[in-house]
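Q: So here's upload_19.cif (mmCIF, C-alpha atoms).
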```cif
data_entry
#
loop_
_atom_site.group_PDB
_atom_site.id
_atom_site.type_symbol
_atom_site.label_atom_id
_atom_site.label_comp_id
_atom_site.auth_asym_id
_atom_site.auth_seq_id
_atom_site.Cartn_x
_atom_site.Cartn_y
_atom_site.Cartn_z
ATOM 1 C CA MET G 4 -29.655 -9.607 0.191
ATOM 2 C CA ALA G 5 -26.593 -8.252 -1.628
ATOM 3 C CA LEU G 6 -23.249 -8.668 0.097
ATOM 4 C CA PRO G 7 -21.404 -5.626 1.464
ATOM 5 C CA LEU G 8 -19.202 -4.093 -1.206
ATOM 6 C CA SER G 9 -15.796 -2.548 -0.595
ATOM 7 C CA ILE G 10 -12.952 -1.127 -2.689
ATOM 8 C CA LEU G 11 -9.265 -1.897 -3.022
ATOM 9 C CA ASP G 12 -7.717 1.319 -4.323
ATOM 10 C CA LEU G 13 -4.351 0.438 -5.840
ATOM 11 C CA ALA G 14 -3.430 4.148 -5.913
ATOM 12 C CA HIS G 15 -2.025 3.709 -9.397
ATOM 13 C CA ILE G 16 -0.050 6.442 -11.080
ATOM 14 C CA GLY G 17 -1.298 6.617 -14.646
ATOM 15 C CA GLU G 18 0.705 7.481 -17.731
ATOM 16 C CA GLY G 19 1.651 11.156 -17.583
ATOM 17 C CA GLU G 20 0.532 11.426 -13.952
ATOM 18 C CA THR G 21 2.385 12.198 -10.740
ATOM 19 C CA ALA G 22 1.936 10.726 -7.269
ATOM 20 C CA ALA G 23 0.033 13.912 -6.383
ATOM 21 C CA ASP G 24 -2.410 13.177 -9.214
ATOM 22 C CA SER G 25 -2.892 9.675 -7.840
ATOM 23 C CA PHE G 26 -3.626 10.989 -4.340
ATOM 24 C CA ALA G 27 -6.156 13.488 -5.688
ATOM 25 C CA ALA G 28 -7.888 10.686 -7.602
ATOM 26 C CA SER G 29 -7.964 8.501 -4.477
ATOM 27 C CA VAL G 30 -9.641 11.303 -2.525
ATOM 28 C CA ALA G 31 -12.227 11.754 -5.282
ATOM 29 C CA LEU G 32 -12.934 8.020 -5.369
ATOM 30 C CA ALA G 33 -13.272 7.802 -1.582
ATOM 31 C CA GLN G 34 -15.669 10.735 -1.442
ATOM 32 C CA ARG G 35 -17.809 9.279 -4.212
ATOM 33 C CA ALA G 36 -17.696 5.786 -2.695
ATOM 34 C CA GLU G 37 -18.875 7.230 0.622
ATOM 35 C CA GLU G 38 -21.848 8.833 -1.140
ATOM 36 C CA LEU G 39 -22.639 5.593 -2.983
ATOM 37 C CA GLY G 40 -22.642 3.360 0.104
ATOM 38 C CA TYR G 41 -19.471 1.282 -0.200
ATOM 39 C CA ARG G 42 -18.437 -0.223 3.147
ATOM 40 C CA ARG G 43 -14.675 0.368 3.158
ATOM 41 C CA ILE G 44 -11.633 1.269 1.066
ATOM 42 C CA TRP G 45 -8.258 -0.364 1.542
ATOM 43 C CA TYR G 46 -4.809 0.662 0.317
ATOM 44 C CA ALA G 47 -1.911 -1.746 -0.164
ATOM 45 C CA GLU G 48 1.745 -1.381 0.756
ATOM 46 C CA HIS G 49 4.068 -1.600 -2.259
ATOM 47 C CA HIS G 50 7.632 -0.356 -2.601
ATOM 48 C CA ASN G 51 9.867 0.683 -5.493
ATOM 49 C CA MET G 52 7.012 0.606 -8.013
ATOM 50 C CA ASP G 53 6.720 3.648 -10.272
ATOM 51 C CA SER G 54 3.052 2.908 -10.931
ATOM 52 C CA ILE G 55 1.777 2.660 -7.314
ATOM 53 C CA ALA G 56 1.688 5.539 -4.818
ATOM 54 C CA SER G 57 0.577 3.765 -1.608
ATOM 55 C CA SER G 58 4.014 2.905 -0.179
ATOM 56 C CA ALA G 59 3.433 4.981 2.996
ATOM 57 C CA THR G 60 0.091 3.287 3.571
ATOM 58 C CA SER G 61 -0.824 4.756 6.953
ATOM 59 C CA VAL G 62 -0.024 8.285 5.761
ATOM 60 C CA LEU G 63 -2.305 7.878 2.743
ATOM 61 C CA ILE G 64 -5.092 6.513 4.954
ATOM 62 C CA ALA G 65 -4.779 9.576 7.192
ATOM 63 C CA HIS G 66 -5.039 11.877 4.176
ATOM 64 C CA ILE G 67 -8.138 10.119 2.834
ATOM 65 C CA ALA G 68 -9.745 10.020 6.293
ATOM 66 C CA ALA G 69 -9.310 13.767 6.643
ATOM 67 C CA HIS G 70 -11.252 14.276 3.398
ATOM 68 C CA THR G 71 -14.121 11.861 4.174
ATOM 69 C CA ARG G 72 -16.575 11.457 7.050
ATOM 70 C CA THR G 73 -17.987 7.946 7.475
ATOM 71 C CA ILE G 74 -16.489 5.321 5.152
ATOM 72 C CA ARG G 75 -14.135 2.799 6.752
ATOM 73 C CA LEU G 76 -10.513 3.015 5.631
ATOM 74 C CA GLY G 77 -7.595 0.694 6.098
ATOM 75 C CA ALA G 78 -4.634 -1.264 4.873
ATOM 76 C CA GLY G 79 -5.111 -4.097 2.472
ATOM 77 C CA GLY G 80 -2.549 -4.571 3.553
ATOM 78 C CA VAL G 81 0.466 -3.659 5.598
ATOM 79 C CA MET G 82 3.286 -6.119 4.900
ATOM 80 C CA LEU G 83 4.045 -6.755 8.550
ATOM 81 C CA PRO G 84 7.518 -8.347 8.129
ATOM 82 C CA ASN G 85 8.689 -4.959 6.792
ATOM 83 C CA HIS G 86 7.953 -3.326 10.162
ATOM 84 C CA SER G 87 8.059 -3.791 13.903
ATOM 85 C CA PRO G 88 4.627 -4.638 15.326
ATOM 86 C CA LEU G 89 4.986 -1.784 17.830
ATOM 87 C CA THR G 90 5.453 0.782 15.049
ATOM 88 C CA ILE G 91 2.350 -0.425 13.193
ATOM 89 C CA ALA G 92 0.333 -0.454 16.435
ATOM 90 C CA GLU G 93 1.335 3.159 17.066
ATOM 91 C CA GLN G 94 0.502 4.220 13.499
ATOM 92 C CA PHE G 95 -2.906 2.570 13.374
ATOM 93 C CA GLY G 96 -3.627 3.442 16.989
ATOM 94 C CA THR G 97 -3.063 7.056 15.986
ATOM 95 C CA LEU G 98 -5.398 6.673 13.007
ATOM 96 C CA GLU G 99 -8.118 5.092 15.146
ATOM 97 C CA THR G 100 -7.750 7.807 17.782
ATOM 98 C CA LEU G 101 -8.136 10.516 15.142
ATOM 99 C CA HIS G 102 -10.947 8.752 13.255
ATOM 100 C CA PRO G 103 -12.782 6.507 15.768
ATOM 101 C CA GLY G 104 -14.588 3.478 14.399
ATOM 102 C CA ARG G 105 -13.321 3.928 10.840
ATOM 103 C CA ILE G 106 -9.944 2.152 10.684
ATOM 104 C CA ASP G 107 -9.104 -1.411 9.548
ATOM 105 C CA LEU G 108 -5.724 -3.140 9.563
ATOM 106 C CA GLY G 109 -5.183 -5.875 6.989
ATOM 107 C CA LEU G 110 -1.907 -7.781 7.318
ATOM 108 C CA GLY G 111 0.195 -9.655 4.780
ATOM 109 C CA ARG G 112 3.547 -11.391 4.971
ATOM 110 C CA ALA G 113 4.846 -10.788 1.423
ATOM 111 C CA PRO G 114 7.606 -8.199 0.929
ATOM 112 C CA GLY G 115 5.560 -6.021 -1.423
ATOM 113 C CA SER G 116 8.756 -5.503 -3.385
ATOM 114 C CA ASP G 117 11.732 -7.188 -5.081
ATOM 115 C CA GLN G 118 14.852 -8.592 -3.427
ATOM 116 C CA ALA G 119 16.919 -5.404 -3.743
ATOM 117 C CA THR G 120 14.110 -3.326 -2.262
ATOM 118 C CA MET G 121 13.709 -5.846 0.539
ATOM 119 C CA ARG G 122 17.354 -5.222 1.481
ATOM 120 C CA ALA G 123 16.782 -1.463 1.287
ATOM 121 C CA LEU G 124 13.923 -1.909 3.771
ATOM 122 C CA ARG G 125 16.404 -3.669 6.093
ATOM 123 C CA ARG G 126 14.276 -6.768 5.892
ATOM 124 C CA SER G 127 15.708 -10.274 6.152
ATOM 125 C CA PRO G 128 14.322 -13.041 3.919
ATOM 126 C CA ALA G 129 13.579 -14.893 7.140
ATOM 127 C CA SER G 130 11.324 -12.111 8.437
ATOM 128 C CA ALA G 131 8.207 -13.784 7.055
ATOM 129 C CA ASP G 132 8.802 -16.805 9.299
ATOM 130 C CA ALA G 133 7.861 -14.711 12.337
ATOM 131 C CA PHE G 134 4.614 -13.447 10.807
ATOM 132 C CA PRO G 135 2.230 -15.399 13.101
ATOM 133 C CA GLN G 136 4.099 -14.247 16.212
ATOM 134 C CA ASP G 137 4.232 -10.675 14.916
ATOM 135 C CA VAL G 138 0.462 -10.670 14.355
ATOM 136 C CA LEU G 139 -0.109 -11.765 17.955
ATOM 137 C CA GLU G 140 2.355 -9.163 19.260
ATOM 138 C CA LEU G 141 0.605 -6.449 17.249
ATOM 139 C CA GLN G 142 -2.798 -7.612 18.457
ATOM 140 C CA GLY G 143 -1.591 -7.417 22.046
ATOM 141 C CA TYR G 144 -0.516 -3.799 21.646
ATOM 142 C CA LEU G 145 -3.896 -2.819 20.156
ATOM 143 C CA THR G 146 -6.011 -4.621 22.756
ATOM 144 C CA GLY G 147 -3.875 -3.435 25.658
ATOM 145 C CA GLU G 148 -2.830 -6.993 26.534
ATOM 146 C CA THR G 149 0.814 -6.585 25.579
ATOM 147 C CA ARG G 150 2.929 -9.686 25.076
ATOM 148 C CA ILE G 151 6.108 -7.826 25.976
ATOM 149 C CA PRO G 152 5.932 -6.779 29.640
ATOM 150 C CA GLY G 153 6.353 -3.058 30.122
ATOM 151 C CA VAL G 154 5.979 -2.191 26.426
ATOM 152 C CA HIS G 155 2.797 -0.441 25.286
ATOM 153 C CA ALA G 156 1.628 1.356 22.135
ATOM 154 C CA THR G 157 0.718 4.999 22.758
ATOM 155 C CA PRO G 158 -1.530 5.736 20.925
ATOM 156 C CA GLY G 159 -2.769 2.210 20.236
ATOM 157 C CA LYS G 160 -3.362 0.566 23.593
ATOM 158 C CA GLY G 161 -7.042 -0.286 23.935
ATOM 159 C CA THR G 162 -8.056 0.988 20.493
ATOM 160 C CA ASN G 163 -8.883 -2.563 19.348
ATOM 161 C CA VAL G 164 -8.298 -1.765 15.686
ATOM 162 C CA PRO G 165 -9.757 -4.823 13.889
ATOM 163 C CA LEU G 166 -7.194 -7.086 12.226
ATOM 164 C CA TYR G 167 -7.666 -8.943 8.945
ATOM 165 C CA ILE G 168 -5.362 -11.590 7.505
ATOM 166 C CA LEU G 169 -4.654 -11.221 3.788
ATOM 167 C CA GLY G 170 -3.569 -14.119 1.650
ATOM 168 C CA SER G 171 -3.246 -15.717 -1.743
ATOM 169 C CA SER G 172 -2.394 -19.227 -0.542
ATOM 170 C CA LEU G 173 -3.418 -21.715 2.133
ATOM 171 C CA PHE G 174 -1.014 -20.292 4.733
ATOM 172 C CA GLY G 175 -3.075 -17.145 5.344
ATOM 173 C CA ALA G 176 -6.285 -19.172 5.505
ATOM 174 C CA GLN G 177 -4.811 -21.465 8.158
ATOM 175 C CA LEU G 178 -3.517 -18.548 10.230
ATOM 176 C CA ALA G 179 -6.758 -16.547 10.028
ATOM 177 C CA ALA G 180 -8.733 -19.624 11.057
ATOM 178 C CA ALA G 181 -6.444 -20.421 13.985
ATOM 179 C CA LEU G 182 -6.493 -16.830 15.295
ATOM 180 C CA GLY G 183 -10.213 -16.291 14.698
ATOM 181 C CA LEU G 184 -9.675 -13.329 12.378
ATOM 182 C CA PRO G 185 -11.445 -12.322 9.163
ATOM 183 C CA TYR G 186 -9.744 -13.496 5.981
ATOM 184 C CA ALA G 187 -9.332 -11.559 2.735
ATOM 185 C CA PHE G 188 -8.244 -13.519 -0.338
ATOM 186 C CA ALA G 189 -6.358 -11.738 -3.138
ATOM 187 C CA SER G 190 -8.260 -13.402 -5.966
ATOM 188 C CA HIS G 191 -8.061 -10.219 -8.052
ATOM 189 C CA PHE G 192 -4.491 -11.190 -9.020
ATOM 190 C CA ALA G 193 -3.885 -14.676 -7.543
ATOM 191 C CA PRO G 194 -6.997 -16.713 -8.345
ATOM 192 C CA ALA G 195 -5.662 -20.271 -8.189
ATOM 193 C CA ALA G 196 -6.261 -21.231 -4.542
ATOM 194 C CA LEU G 197 -9.432 -19.252 -3.864
ATOM 195 C CA GLU G 198 -11.894 -22.109 -3.373
ATOM 196 C CA GLU G 199 -9.513 -24.354 -1.429
ATOM 197 C CA ALA G 200 -8.351 -21.541 0.861
ATOM 198 C CA VAL G 201 -11.864 -20.371 1.701
ATOM 199 C CA ALA G 202 -13.038 -23.930 2.396
ATOM 200 C CA LEU G 203 -10.055 -24.554 4.685
ATOM 201 C CA TYR G 204 -10.650 -21.277 6.541
ATOM 202 C CA ARG G 205 -14.333 -21.981 7.130
ATOM 203 C CA ARG G 206 -13.655 -25.581 8.202
ATOM 204 C CA ASP G 207 -10.913 -24.749 10.728
ATOM 205 C CA PHE G 208 -12.145 -21.382 12.047
ATOM 206 C CA GLN G 209 -11.846 -20.893 15.810
ATOM 207 C CA PRO G 210 -13.999 -18.136 17.353
ATOM 208 C CA SER G 211 -12.136 -15.286 19.033
ATOM 209 C CA SER G 212 -12.857 -12.119 20.991
ATOM 210 C CA GLN G 213 -12.798 -10.197 17.684
ATOM 211 C CA LEU G 214 -14.922 -12.572 15.602
ATOM 212 C CA GLU G 215 -17.517 -15.220 16.450
ATOM 213 C CA ARG G 216 -18.044 -16.594 12.946
ATOM 214 C CA PRO G 217 -15.859 -16.807 9.817
ATOM 215 C CA HIS G 218 -15.819 -13.743 7.596
ATOM 216 C CA VAL G 219 -14.467 -14.042 4.050
ATOM 217 C CA ILE G 220 -13.650 -11.051 1.875
ATOM 218 C CA ALA G 221 -13.014 -12.057 -1.737
ATOM 219 C CA ALA G 222 -11.406 -9.706 -4.255
ATOM 220 C CA LEU G 223 -12.177 -9.275 -7.943
ATOM 221 C CA ASN G 224 -11.515 -6.820 -10.738
ATOM 222 C CA VAL G 225 -14.345 -4.713 -12.136
ATOM 223 C CA ILE G 226 -14.689 -2.635 -15.286
ATOM 224 C CA ALA G 227 -18.239 -1.377 -15.734
ATOM 225 C CA ALA G 228 -19.211 0.922 -18.585
ATOM 226 C CA GLU G 229 -22.267 2.212 -20.410
ATOM 227 C CA THR G 230 -21.778 -0.450 -23.088
ATOM 228 C CA ALA G 231 -20.145 -3.862 -23.133
ATOM 229 C CA GLU G 232 -17.911 -2.770 -26.007
ATOM 230 C CA GLU G 233 -16.530 0.173 -24.044
ATOM 231 C CA ALA G 234 -15.846 -2.057 -21.037
ATOM 232 C CA GLN G 235 -14.003 -4.623 -23.163
ATOM 233 C CA GLU G 236 -11.855 -1.855 -24.672
ATOM 234 C CA GLN G 237 -10.865 -0.728 -21.190
ATOM 235 C CA PHE G 238 -10.181 -4.338 -20.167
ATOM 236 C CA LEU G 239 -7.838 -4.831 -23.119
ATOM 237 C CA ALA G 240 -6.091 -1.557 -22.280
ATOM 238 C CA SER G 241 -5.608 -2.740 -18.701
ATOM 239 C CA LYS G 242 -4.062 -6.031 -19.861
ATOM 240 C CA ARG G 243 -1.696 -4.168 -22.177
ATOM 241 C CA LEU G 244 -0.677 -1.975 -19.263
ATOM 242 C CA ARG G 245 0.015 -5.042 -17.127
ATOM 243 C CA VAL G 246 2.346 -6.344 -19.834
ATOM 244 C CA SER G 247 4.472 -3.213 -19.531
ATOM 245 C CA ARG G 248 4.420 -3.304 -15.732
ATOM 246 C CA PHE G 249 5.295 -6.952 -15.317
ATOM 247 C CA LEU G 250 7.464 -7.617 -18.360
ATOM 248 C CA GLY G 251 8.662 -4.209 -19.534
ATOM 249 C CA ARG G 252 11.634 -3.843 -17.157
ATOM 250 C CA GLY G 253 11.525 -0.098 -17.461
ATOM 251 C CA ARG G 254 10.256 0.147 -21.031
ATOM 252 C CA SER G 255 6.773 0.405 -22.486
ATOM 253 C CA PHE G 256 5.418 -1.530 -25.449
ATOM 254 C CA THR G 257 3.450 -0.427 -28.473
ATOM 255 C CA THR G 258 -0.099 -1.711 -28.773
ATOM 256 C CA GLU G 259 1.013 -4.251 -31.360
ATOM 257 C CA GLU G 260 3.903 -5.476 -29.205
ATOM 258 C CA ALA G 261 1.680 -5.782 -26.128
ATOM 259 C CA ASP G 262 -0.910 -7.800 -28.050
ATOM 260 C CA MET G 263 1.781 -10.157 -29.343
ATOM 261 C CA ILE G 264 3.129 -10.643 -25.822
ATOM 262 C CA LEU G 265 -0.377 -11.344 -24.495
ATOM 263 C CA GLU G 266 -0.523 -14.315 -26.873
ATOM 264 C CA SER G 267 2.763 -15.722 -25.518
ATOM 265 C CA PRO G 268 3.040 -18.056 -22.488
ATOM 266 C CA ALA G 269 4.276 -15.161 -20.320
ATOM 267 C CA GLY G 270 1.395 -13.018 -21.518
ATOM 268 C CA GLN G 271 -1.101 -15.747 -20.807
ATOM 269 C CA GLN G 272 0.107 -15.842 -17.210
ATOM 270 C CA ILE G 273 -0.735 -12.145 -16.956
ATOM 271 C CA VAL G 274 -4.161 -12.806 -18.470
ATOM 272 C CA GLN G 275 -4.743 -15.598 -15.960
ATOM 273 C CA MET G 276 -4.018 -13.210 -13.070
ATOM 274 C CA ALA G 277 -7.188 -11.326 -14.042
ATOM 275 C CA LYS G 278 -9.301 -14.494 -14.184
ATOM 276 C CA TYR G 279 -11.889 -13.056 -11.800
ATOM 277 C CA SER G 280 -12.968 -9.895 -13.586
ATOM 278 C CA ALA G 281 -16.461 -8.473 -14.022
ATOM 279 C CA VAL G 282 -16.393 -6.642 -17.353
ATOM 280 C CA GLY G 283 -19.372 -5.220 -19.199
ATOM 281 C CA ASP G 284 -22.445 -3.032 -18.902
ATOM 282 C CA VAL G 285 -24.511 -2.815 -15.714
ATOM 283 C CA SER G 286 -26.479 -6.024 -16.276
ATOM 284 C CA GLU G 287 -23.400 -8.054 -17.237
ATOM 285 C CA VAL G 288 -21.409 -6.801 -14.269
ATOM 286 C CA LYS G 289 -24.295 -7.522 -11.891
ATOM 287 C CA ALA G 290 -24.619 -11.074 -13.193
ATOM 288 C CA TYR G 291 -20.893 -11.739 -12.834
ATOM 289 C CA VAL G 292 -20.606 -10.208 -9.364
ATOM 290 C CA ASP G 293 -23.597 -12.241 -8.152
ATOM 291 C CA TRP G 294 -22.024 -15.404 -9.566
ATOM 292 C CA PHE G 295 -18.622 -14.647 -8.068
ATOM 293 C CA ALA G 296 -20.069 -14.037 -4.607
ATOM 294 C CA GLY G 297 -21.467 -17.562 -4.591
ATOM 295 C CA HIS G 298 -18.405 -19.096 -6.241
ATOM 296 C CA ALA G 299 -16.096 -17.548 -3.638
ATOM 297 C CA ASP G 300 -18.443 -18.360 -0.730
ATOM 298 C CA ALA G 301 -17.855 -14.767 0.367
ATOM 299 C CA ASP G 302 -19.367 -12.654 3.116
ATOM 300 C CA GLU G 303 -18.087 -9.441 1.523
ATOM 301 C CA LEU G 304 -16.629 -8.450 -1.829
ATOM 302 C CA ILE G 305 -13.747 -6.052 -2.372
ATOM 303 C CA VAL G 306 -13.199 -4.757 -5.888
ATOM 304 C CA ALA G 307 -10.240 -3.304 -7.727
ATOM 305 C CA PHE G 308 -11.377 -1.010 -10.518
ATOM 306 C CA ALA G 309 -9.116 -1.993 -13.383
ATOM 307 C CA ALA G 310 -9.857 0.642 -16.040
ATOM 308 C CA PRO G 311 -6.680 2.661 -16.704
ATOM 309 C CA ASP G 312 -8.654 5.717 -17.865
ATOM 310 C CA ARG G 313 -9.485 7.895 -14.856
ATOM 311 C CA LYS G 314 -13.020 8.800 -15.956
ATOM 312 C CA ALA G 315 -13.799 5.166 -16.747
ATOM 313 C CA TRP G 316 -12.234 4.133 -13.410
ATOM 314 C CA LEU G 317 -14.543 6.389 -11.407
ATOM 315 C CA ARG G 318 -17.538 5.537 -13.597
ATOM 316 C CA SER G 319 -16.987 1.849 -12.833
ATOM 317 C CA ALA G 320 -17.508 2.613 -9.155
ATOM 318 C CA GLU G 321 -20.769 4.403 -9.884
ATOM 319 C CA LEU G 322 -22.136 1.741 -12.223
ATOM 320 C CA LEU G 323 -21.169 -1.112 -9.902
ATOM 321 C CA ALA G 324 -22.987 0.594 -7.033
ATOM 322 C CA GLN G 325 -26.041 0.843 -9.287
ATOM 323 C CA ALA G 326 -25.747 -2.795 -10.333
ATOM 324 C CA HIS G 327 -25.297 -4.014 -6.768
ATOM 325 C CA GLY G 328 -28.129 -1.958 -5.336
ATOM 326 C CA LEU G 329 -26.087 0.167 -2.946
#
```
Step by step, read the file and then write its structure as structure tokens.

A:
Amino acid sequence: MALPLSILDLAHIGEGETAADSFAASVALAQRAEELGYRRIWYAEHHNMDSIASSATSVLIAHIAAHTRTIRLGAGGVMLPNHSPLTIAEQFGTLETLHPGRIDLGLGRAPGSDQATMRALRRSPASADAFPQDVLELQGYLTGETRIPGVHATPGKGTNVPLYILGSSLFGAQLAAALGLPYAFASHFAPAALEEAVALYRRDFQPSSQLERPHVIAALNVIAAETAEEAQEQFLASKRLRVSRFLGRGRSFTTEEADMILESPAGQQIVQMAKYSAVGDVSEVKAYVDWFAGHADADELIVAFAAPDRKAWLRSAELLAQAHGL
């Protein structure tokens, strides 16, 4: 039986687009994904990035929820050290109250930004050290078993919004296992520790009131097209775009410059980030996704559609659903 399939929508702002264009595209993707049978869509918190529009994650989730009916929606994730647990409990308690049974809350401890932006967020570099305690405080607000006497989340108390721990290293795996929470590994951009982290999580998992057995969500990139050649063209375009985003420092590169950089050590690091990518026609993508599910020892897959062209981006979602039998 095929694993449940979900989507990580990076809410990217394409060349020549505005944030409003990105939001409209996210609505279109969510509506189509709902029709196709995807389980959930998550949006990630990033700050000070011209190419990503999901900085106000809970607001975007509310907008998408208002334009869909059944698909689960959530954060993948909220960078909890940027916020007070009470504020996040109130935001996601509000979402769950408005859209019962449809809201997820994935949590990460990275800043989702650079050092200057971290200061602008009023975040201390030491904030991440309190992440485990902050997760427990947040959980208490959502279950109604507050850890701070006399302080409650309204809305939020008793909504039991399900929590997920996000990670790209062993730390998140250890925390998710200790707290008995589902674990989502960011192998779509940080592939190195995938196997070790999942094995550690499954070995050390402690059942909780939220989850009886381990649940692993593994992420990968997908570009599906009518032909393998078309998919590979989109994949190359996506790697060139990553060169500009990660190494451009405000400037873009010509195709020739981007290809030269991709051959350099810095470029090869960018290529390695996309190690887990299903690229090709329907049969090729199906074969890769089936392999990756076993390789990652996953209970659920979450995919980031990597094609920079909007039509190809949406078509990937349709072809993957066909390949996966949704």

Q: Would you list the contacts of Phe238 (chain G) as an MDAnalysis selection string, taking every protein, DNA or RNA residue within 7 Å and counting only C-alpha atoms, but skipping same-chain residues closer than 3 positions in sequence?

A: chainID G and resid 226 234:235 241:242 310

Q: My list of candidates is G:Ser87, G:Ser319, G:Asn163, G:Gln34. Which is closest to Ser130 (chain G) when distances are computed with all atoms listed in the file?

A: G:Ser87

Q: What is the CA of Asp312 (chain G)-CA of Ser255 (chain G) distance in Å, reported with one decimal?

A: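 Separation of CA of Asp312 (chain G) and CA of Ser255 (chain G): 17.0 Å.
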
Q: Applied to the shown file, which residues does the PyMOL selection byres ((chain G and resi 224) around 7) return, written as a list of chain:residue names?

A: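 Output from the PyMOL selection byres ((chain G and resi 224) around 7), applied to this file: G:His191, G:Leu223, G:Val225, G:Ile226, G:Tyr279, G:Ser280, G:Ala281, G:Val306, G:Ala307, G:Phe308, G:Ala309.
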
Q: Taking 6 positions as the minimum chain separation for residues in the same chain, which residues sit within 9 Å of region 56-60 of chain G when counting all atoms listed in the file? Answer as a PyMOL selection string.

A: chain G and resi 13-16+21-23+25-26+46-50+77-78+80-81

Q: Write out as JSON, numbers by chain each polymer residue whose atoms come within 9 Å of Arg112 (chain G), counting all atoms listed in the file; drop sequence neighbours fewer than 6 positions from it.

A: {"G": [81, 82, 83, 84, 85, 130, 131, 132, 134, 169, 170, 175]}

Q: CA of Leu76 (chain G) and CA of Trp45 (chain G), how far apart in Å?

A: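 CA of Leu76 (chain G) lies 5.8 Å from CA of Trp45 (chain G).
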
Q: Between G:Asn51, G:Glu259, G:Arg75, G:Met276, which one has atoms that come closest to Thr120 (chain G), using all atoms listed in the file?

A: G:Asn51

Q: Apply the PyMOL selection byres ((chain G and resi 220) around 6) to the displayed file and report the matching residues as a PyMOL selection string.

A: chain G and resi 187+219+221+301+303-304
